[in-house]
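Below is target05.pdb, which holds PDB, C-alpha atoms, pLDDT in the B column.
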ATOM      1  CA  MET A   1      96.334  84.436 127.104  1.00 48.00           C
ATOM      2  CA  GLY A   2      94.418  87.197 125.351  1.00 71.00           C
ATOM      3  CA  SER A   3      91.321  86.807 123.267  1.00 75.00           C
ATOM      4  CA  ILE A   4      89.526  88.677 120.531  1.00 79.00           C
ATOM      5  CA  GLY A   5      86.284  89.658 122.229  1.00 71.00           C
ATOM      6  CA  ASP A   6      85.329  86.392 123.853  1.00 76.00           C
ATOM      7  CA  LYS A   7      85.424  84.514 120.549  1.00 80.00           C
ATOM      8  CA  LEU A   8      89.006  83.703 119.606  1.00 84.00           C
ATOM      9  CA  ALA A   9      92.307  83.224 121.402  1.00 88.00           C
ATOM     10  CA  VAL A  10      95.029  85.566 120.189  1.00 90.00           C
ATOM     11  CA  ARG A  11      97.373  82.563 120.169  1.00 92.00           C
ATOM     12  CA  LYS A  12      95.211  80.967 117.444  1.00 93.00           C
ATOM     13  CA  VAL A  13      95.541  84.086 115.290  1.00 94.00           C
ATOM     14  CA  ALA A  14      99.305  83.956 115.829  1.00 94.00           C
ATOM     15  CA  ALA A  15      99.327  80.278 114.794  1.00 94.00           C
ATOM     16  CA  VAL A  16      97.480  81.156 111.584  1.00 96.00           C
ATOM     17  CA  ILE A  17     100.057  83.898 110.911  1.00 96.00           C
ATOM     18  CA  VAL A  18     102.971  81.511 111.459  1.00 94.00           C
ATOM     19  CA  MET A  19     101.474  78.900 109.112  1.00 95.00           C
ATOM     20  CA  ALA A  20     100.506  81.519 106.508  1.00 96.00           C
ATOM     21  CA  ARG A  21     104.122  82.722 106.409  1.00 94.00           C
ATOM     22  CA  GLU A  22     105.063  79.215 105.246  1.00 93.00           C
ATOM     23  CA  LEU A  23     102.054  78.705 102.983  1.00 89.00           C
ATOM     24  CA  ASP A  24     103.996  76.735 100.364  1.00 90.00           C
ATOM     25  CA  ARG A  25     104.705  73.956 102.830  1.00 94.00           C
ATOM     26  CA  ALA A  26     102.015  74.478 105.457  1.00 92.00           C
ATOM     27  CA  GLU A  27      98.838  75.090 103.439  1.00 95.00           C
ATOM     28  CA  GLY A  28      97.318  71.722 104.370  1.00 96.00           C
ATOM     29  CA  GLU A  29      98.090  72.272 108.033  1.00 96.00           C
ATOM     30  CA  LEU A  30      96.677  75.812 107.897  1.00 97.00           C
ATOM     31  CA  ARG A  31      93.478  74.631 106.199  1.00 97.00           C
ATOM     32  CA  ALA A  32      93.000  71.886 108.795  1.00 97.00           C
ATOM     33  CA  PHE A  33      93.661  74.321 111.666  1.00 97.00           C
ATOM     34  CA  ILE A  34      91.075  76.808 110.379  1.00 97.00           C
ATOM     35  CA  ASP A  35      88.572  74.045 109.578  1.00 97.00           C
ATOM     36  CA  ARG A  36      88.808  72.803 113.197  1.00 97.00           C
ATOM     37  CA  MET A  37      87.771  76.245 114.488  1.00 96.00           C
ATOM     38  CA  ASP A  38      84.092  76.726 115.234  1.00 94.00           C
ATOM     39  CA  VAL A  39      81.999  79.185 113.209  1.00 95.00           C
ATOM     40  CA  GLU A  40      82.445  81.996 115.744  1.00 94.00           C
ATOM     41  CA  GLU A  41      86.232  81.574 115.848  1.00 95.00           C
ATOM     42  CA  GLN A  42      86.364  81.627 112.044  1.00 96.00           C
ATOM     43  CA  ALA A  43      84.244  84.785 111.922  1.00 96.00           C
ATOM     44  CA  ALA A  44      86.475  86.444 114.546  1.00 96.00           C
ATOM     45  CA  LEU A  45      89.550  85.517 112.503  1.00 97.00           C
ATOM     46  CA  VAL A  46      88.029  87.122 109.407  1.00 97.00           C
ATOM     47  CA  ALA A  47      87.078  90.183 111.483  1.00 97.00           C
ATOM     48  CA  VAL A  48      90.690  90.574 112.675  1.00 97.00           C
ATOM     49  CA  MET A  49      91.894  90.354 109.073  1.00 98.00           C
ATOM     50  CA  TRP A  50      89.335  92.963 107.957  1.00 98.00           C
ATOM     51  CA  ILE A  51      90.427  95.315 110.757  1.00 98.00           C
ATOM     52  CA  GLY A  52      94.045  94.882 109.691  1.00 97.00           C
ATOM     53  CA  ARG A  53      93.079  95.602 106.080  1.00 97.00           C
ATOM     54  CA  GLY A  54      91.281  98.785 107.150  1.00 97.00           C
ATOM     55  CA  ALA A  55      87.757  97.688 106.220  1.00 97.00           C
ATOM     56  CA  PHE A  56      86.726  98.202 109.865  1.00 98.00           C
ATOM     57  CA  GLU A  57      88.231 100.095 112.795  1.00 97.00           C
ATOM     58  CA  ALA A  58      89.243  98.243 115.971  1.00 96.00           C
ATOM     59  CA  GLU A  59      86.261  99.837 117.750  1.00 96.00           C
ATOM     60  CA  GLU A  60      84.021  98.135 115.163  1.00 96.00           C
ATOM     61  CA  LEU A  61      85.127  94.607 116.102  1.00 95.00           C
ATOM     62  CA  GLN A  62      81.583  93.482 116.937  1.00 95.00           C
ATOM     63  CA  GLU A  63      80.261  94.858 113.650  1.00 97.00           C
ATOM     64  CA  ALA A  64      83.091  93.170 111.717  1.00 97.00           C
ATOM     65  CA  PHE A  65      82.373  89.900 113.540  1.00 96.00           C
ATOM     66  CA  SER A  66      78.632  90.121 112.819  1.00 96.00           C
ATOM     67  CA  THR A  67      79.316  90.931 109.167  1.00 97.00           C
ATOM     68  CA  ALA A  68      81.723  87.992 108.857  1.00 96.00           C
ATOM     69  CA  LEU A  69      79.075  85.667 110.319  1.00 94.00           C
ATOM     70  CA  ALA A  70      76.340  87.006 108.059  1.00 95.00           C
ATOM     71  CA  GLU A  71      78.345  87.091 104.848  1.00 93.00           C
ATOM     72  CA  ALA A  72      80.209  83.779 105.130  1.00 87.00           C
ATOM     73  CA  SER A  73      79.580  82.073 101.809  1.00 90.00           C
ATOM     74  CA  THR A  74      83.009  80.598 101.067  1.00 91.00           C
ATOM     75  CA  PRO A  75      84.880  78.187 103.342  1.00 95.00           C
ATOM     76  CA  THR A  76      86.928  80.387 105.663  1.00 96.00           C
ATOM     77  CA  ALA A  77      90.228  78.673 104.855  1.00 97.00           C
ATOM     78  CA  ASP A  78      89.684  79.247 101.111  1.00 96.00           C
ATOM     79  CA  TYR A  79      88.742  82.883 101.706  1.00 96.00           C
ATOM     80  CA  LEU A  80      91.717  83.655 103.939  1.00 96.00           C
ATOM     81  CA  ILE A  81      94.321  81.769 101.899  1.00 95.00           C
ATOM     82  CA  GLY A  82      93.105  83.605  98.800  1.00 95.00           C
ATOM     83  CA  THR A  83      93.389  87.003 100.481  1.00 94.00           C
ATOM     84  CA  PRO A  84      96.411  89.086  99.420  1.00 95.00           C
ATOM     85  CA  HIS A  85      98.680  90.180 102.283  1.00 97.00           C
ATOM     86  CA  LEU A  86      96.977  87.831 104.775  1.00 97.00           C
ATOM     87  CA  VAL A  87      99.902  87.858 107.221  1.00 97.00           C
ATOM     88  CA  ASP A  88     100.206  91.656 107.172  1.00 97.00           C
ATOM     89  CA  ASN A  89      96.456  92.088 107.614  1.00 98.00           C
ATOM     90  CA  LEU A  90      96.243  89.653 110.534  1.00 97.00           C
ATOM     91  CA  GLU A  91      99.242  91.257 112.237  1.00 96.00           C
ATOM     92  CA  GLY A  92      97.781  94.714 111.655  1.00 97.00           C
ATOM     93  CA  GLY A  93      94.438  93.601 113.046  1.00 97.00           C
ATOM     94  CA  LEU A  94      96.022  92.220 116.203  1.00 95.00           C
ATOM     95  CA  GLU A  95      98.056  95.404 116.657  1.00 95.00           C
ATOM     96  CA  ALA A  96      94.950  97.574 116.154  1.00 96.00           C
ATOM     97  CA  LEU A  97      93.174  95.512 118.824  1.00 95.00           C
ATOM     98  CA  GLY A  98      96.035  96.120 121.273  1.00 94.00           C
ATOM     99  CA  PHE A  99      98.002  92.874 120.970  1.00 93.00           C
ATOM    100  CA  ASP A 100     101.675  92.483 120.114  1.00 89.00           C
ATOM    101  CA  ALA A 101     101.500  90.175 117.093  1.00 85.00           C
ATOM    102  CA  ILE A 102     105.263  89.563 116.912  1.00 84.00           C
ATOM    103  CA  ASP A 103     105.429  88.674 120.614  1.00 86.00           C
ATOM    104  CA  GLU A 104     102.514  86.240 120.209  1.00 84.00           C
ATOM    105  CA  GLU A 105     104.187  84.635 117.193  1.00 80.00           C
ATOM    106  CA  ASP A 106     107.526  84.373 118.989  1.00 84.00           C
ATOM    107  CA  GLN A 107     105.865  82.531 121.876  1.00 84.00           C
ATOM    108  CA  LEU A 108     104.720  79.863 119.423  1.00 77.00           C
ATOM    109  CA  LEU A 109     108.149  79.346 117.856  1.00 76.00           C
TER     110      LEU A 109
END

Could you take the file, read its structure, and then write that structure out as structure tokens?
Amino acid sequence: MGSIGDKLAVRKVAAVIVMARELDRAEGELRAFIDRMDVEEQAALVAVMWIGRGAFEAEELQEAFSTALAEASTPTADYLIGTPHLVDNLEGGLEALGFDAIDEEDQLL
């Protein structure tokens, strides 16, 4: 199983993607899943999303992670669920970091 830096399992990012695809029926489950993550996992998840959105390059993962930790002012679940194109950004972030997002998602289903 891969991980984002040493902070977050790729499988957890894939689980967030799968739940976010079904947000109408899985929002409560998604919120609970994110809320159960520790602060570092939540920051890594935000960093992956930012990389997928193009705010940071994959080589800037540590900077994105540090920024996510420093700037966290909203509950992570609220922030991510309110982000347009969350699924696309998370998939793009995983791809930029060298992971096959679709393969990871398929393994969960």

From A:Glu22, A:Glu29, A:Asp103, A:Glu40, residue lying nearest Asp6 of chain A [all atoms listed in the file]:
A:Glu40

Write out as a list in words the residues lying within 10 Å of Ile17 of chain A, counting only C-alpha atoms and excluding same-chain residues fewer than 2 positions away.
Arg11, Lys12, Val13, Ala14, Ala15, Met19, Ala20, Arg21, Glu22, Leu23, Leu30, Leu86, Val87, Asp88, Asn89, Leu90, Glu91, Ala101, Ile102, Glu104 and Glu105 of chain A

Would you kindly return, as a tab-separated table (two decimals) with C-alpha atoms, in the coordinates of the input, each protein, DNA or RNA residue with an atom no farther than 10 Å from any atom of Pro75 of chain A, considering all atoms listed in the file and excluding same-chain residues fewer than 6 positions away?
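Below is the file that was written, result.tsv:
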chain	number	residue	atom	x	y	z
A	31	ARG	CA	93.48	74.63	106.20
A	34	ILE	CA	91.08	76.81	110.38
A	35	ASP	CA	88.57	74.04	109.58
A	42	GLN	CA	86.36	81.63	112.04

Can you list what the PyMOL selection byres ((chain A and resi 3) around 12) grabs from this structure, as a PyMOL selection string?
chain A and resi 1-2+4-14+41+44-45+48+94+97-99+104

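Of the listed residues A:Glu27, A:Asp100, A:Trp50, A:Met37, the one whose atoms come nearest to Pro84 of chain A is A:Trp50, with distances taken using all atoms listed in the file.
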
For the provided coordinates, the residues matched by the PyMOL selection byres ((chain A and resi 59) around 12) should be stated as a PDB file with C-alpha atoms, in the coordinates of the input.
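Wrote it out as expr.pdb, contents follow:
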ATOM      1  CA  ILE A   4      89.526  88.677 120.531  1.00 79.00           C
ATOM      2  CA  GLY A   5      86.284  89.658 122.229  1.00 71.00           C
ATOM      3  CA  ALA A  47      87.078  90.183 111.483  1.00 97.00           C
ATOM      4  CA  VAL A  48      90.690  90.574 112.675  1.00 97.00           C
ATOM      5  CA  ILE A  51      90.427  95.315 110.757  1.00 98.00           C
ATOM      6  CA  GLY A  54      91.281  98.785 107.150  1.00 97.00           C
ATOM      7  CA  ALA A  55      87.757  97.688 106.220  1.00 97.00           C
ATOM      8  CA  PHE A  56      86.726  98.202 109.865  1.00 98.00           C
ATOM      9  CA  GLU A  57      88.231 100.095 112.795  1.00 97.00           C
ATOM     10  CA  ALA A  58      89.243  98.243 115.971  1.00 96.00           C
ATOM     11  CA  GLU A  60      84.021  98.135 115.163  1.00 96.00           C
ATOM     12  CA  LEU A  61      85.127  94.607 116.102  1.00 95.00           C
ATOM     13  CA  GLN A  62      81.583  93.482 116.937  1.00 95.00           C
ATOM     14  CA  GLU A  63      80.261  94.858 113.650  1.00 97.00           C
ATOM     15  CA  ALA A  64      83.091  93.170 111.717  1.00 97.00           C
ATOM     16  CA  PHE A  65      82.373  89.900 113.540  1.00 96.00           C
ATOM     17  CA  GLY A  93      94.438  93.601 113.046  1.00 97.00           C
ATOM     18  CA  ALA A  96      94.950  97.574 116.154  1.00 96.00           C
ATOM     19  CA  LEU A  97      93.174  95.512 118.824  1.00 95.00           C
ATOM     20  CA  GLY A  98      96.035  96.120 121.273  1.00 94.00           C
TER      21      GLY A  98
END

Rank nothing, just name the residue among A:Val46, A:Leu109, A:Val39, A:Leu69 nearest to Ile81 of chain A, using only C-alpha atoms.
A:Val46

Atom CA of Thr83 of chain A to atom CA of Gly52 of chain A, distance in Å rounded to a single decimal
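Atom CA of Gly52 of chain A lies at a distance of 12.1 Å from atom CA of Thr83 of chain A.
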
So how many Å separate atom CA of Val16 of chain A and atom CA of Gly92 of chain A, to one decimal?
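It comes out at 13.6 Å.
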
As an exercise, work out the distance from atom CA of Ala77 of chain A to atom CA of Arg36 of chain A in Å and give it to one decimal place.
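If I compute the distance from atom CA of Ala77 of chain A to atom CA of Arg36 of chain A, I get 10.3 Å.
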
Proximity to Tyr79 of chain A - best of A:Met49, A:Phe33, A:Val18, A:Ser66, only C-alpha atoms:
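Answer, going by the shortest atom-to-atom distance: A:Met49.
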
Taking all atoms of segment 16-31 of chain A that appear in the file, build a box with edges along x, y and z, extend it by 5 Å on every side, and state its centre and edge lengths in Å to one decimal, as lines of an AutoDock Vina configuration file.
center_x = 99.3
center_y = 77.8
center_z = 106.0
size_x = 21.6
size_y = 22.2
size_z = 21.2

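Among A:Arg53, A:Ala32, A:Ala26, A:Ala70, the residue with the shortest atom-to-atom distance to His85 of chain A, counting all atoms listed in the file, is A:Arg53.
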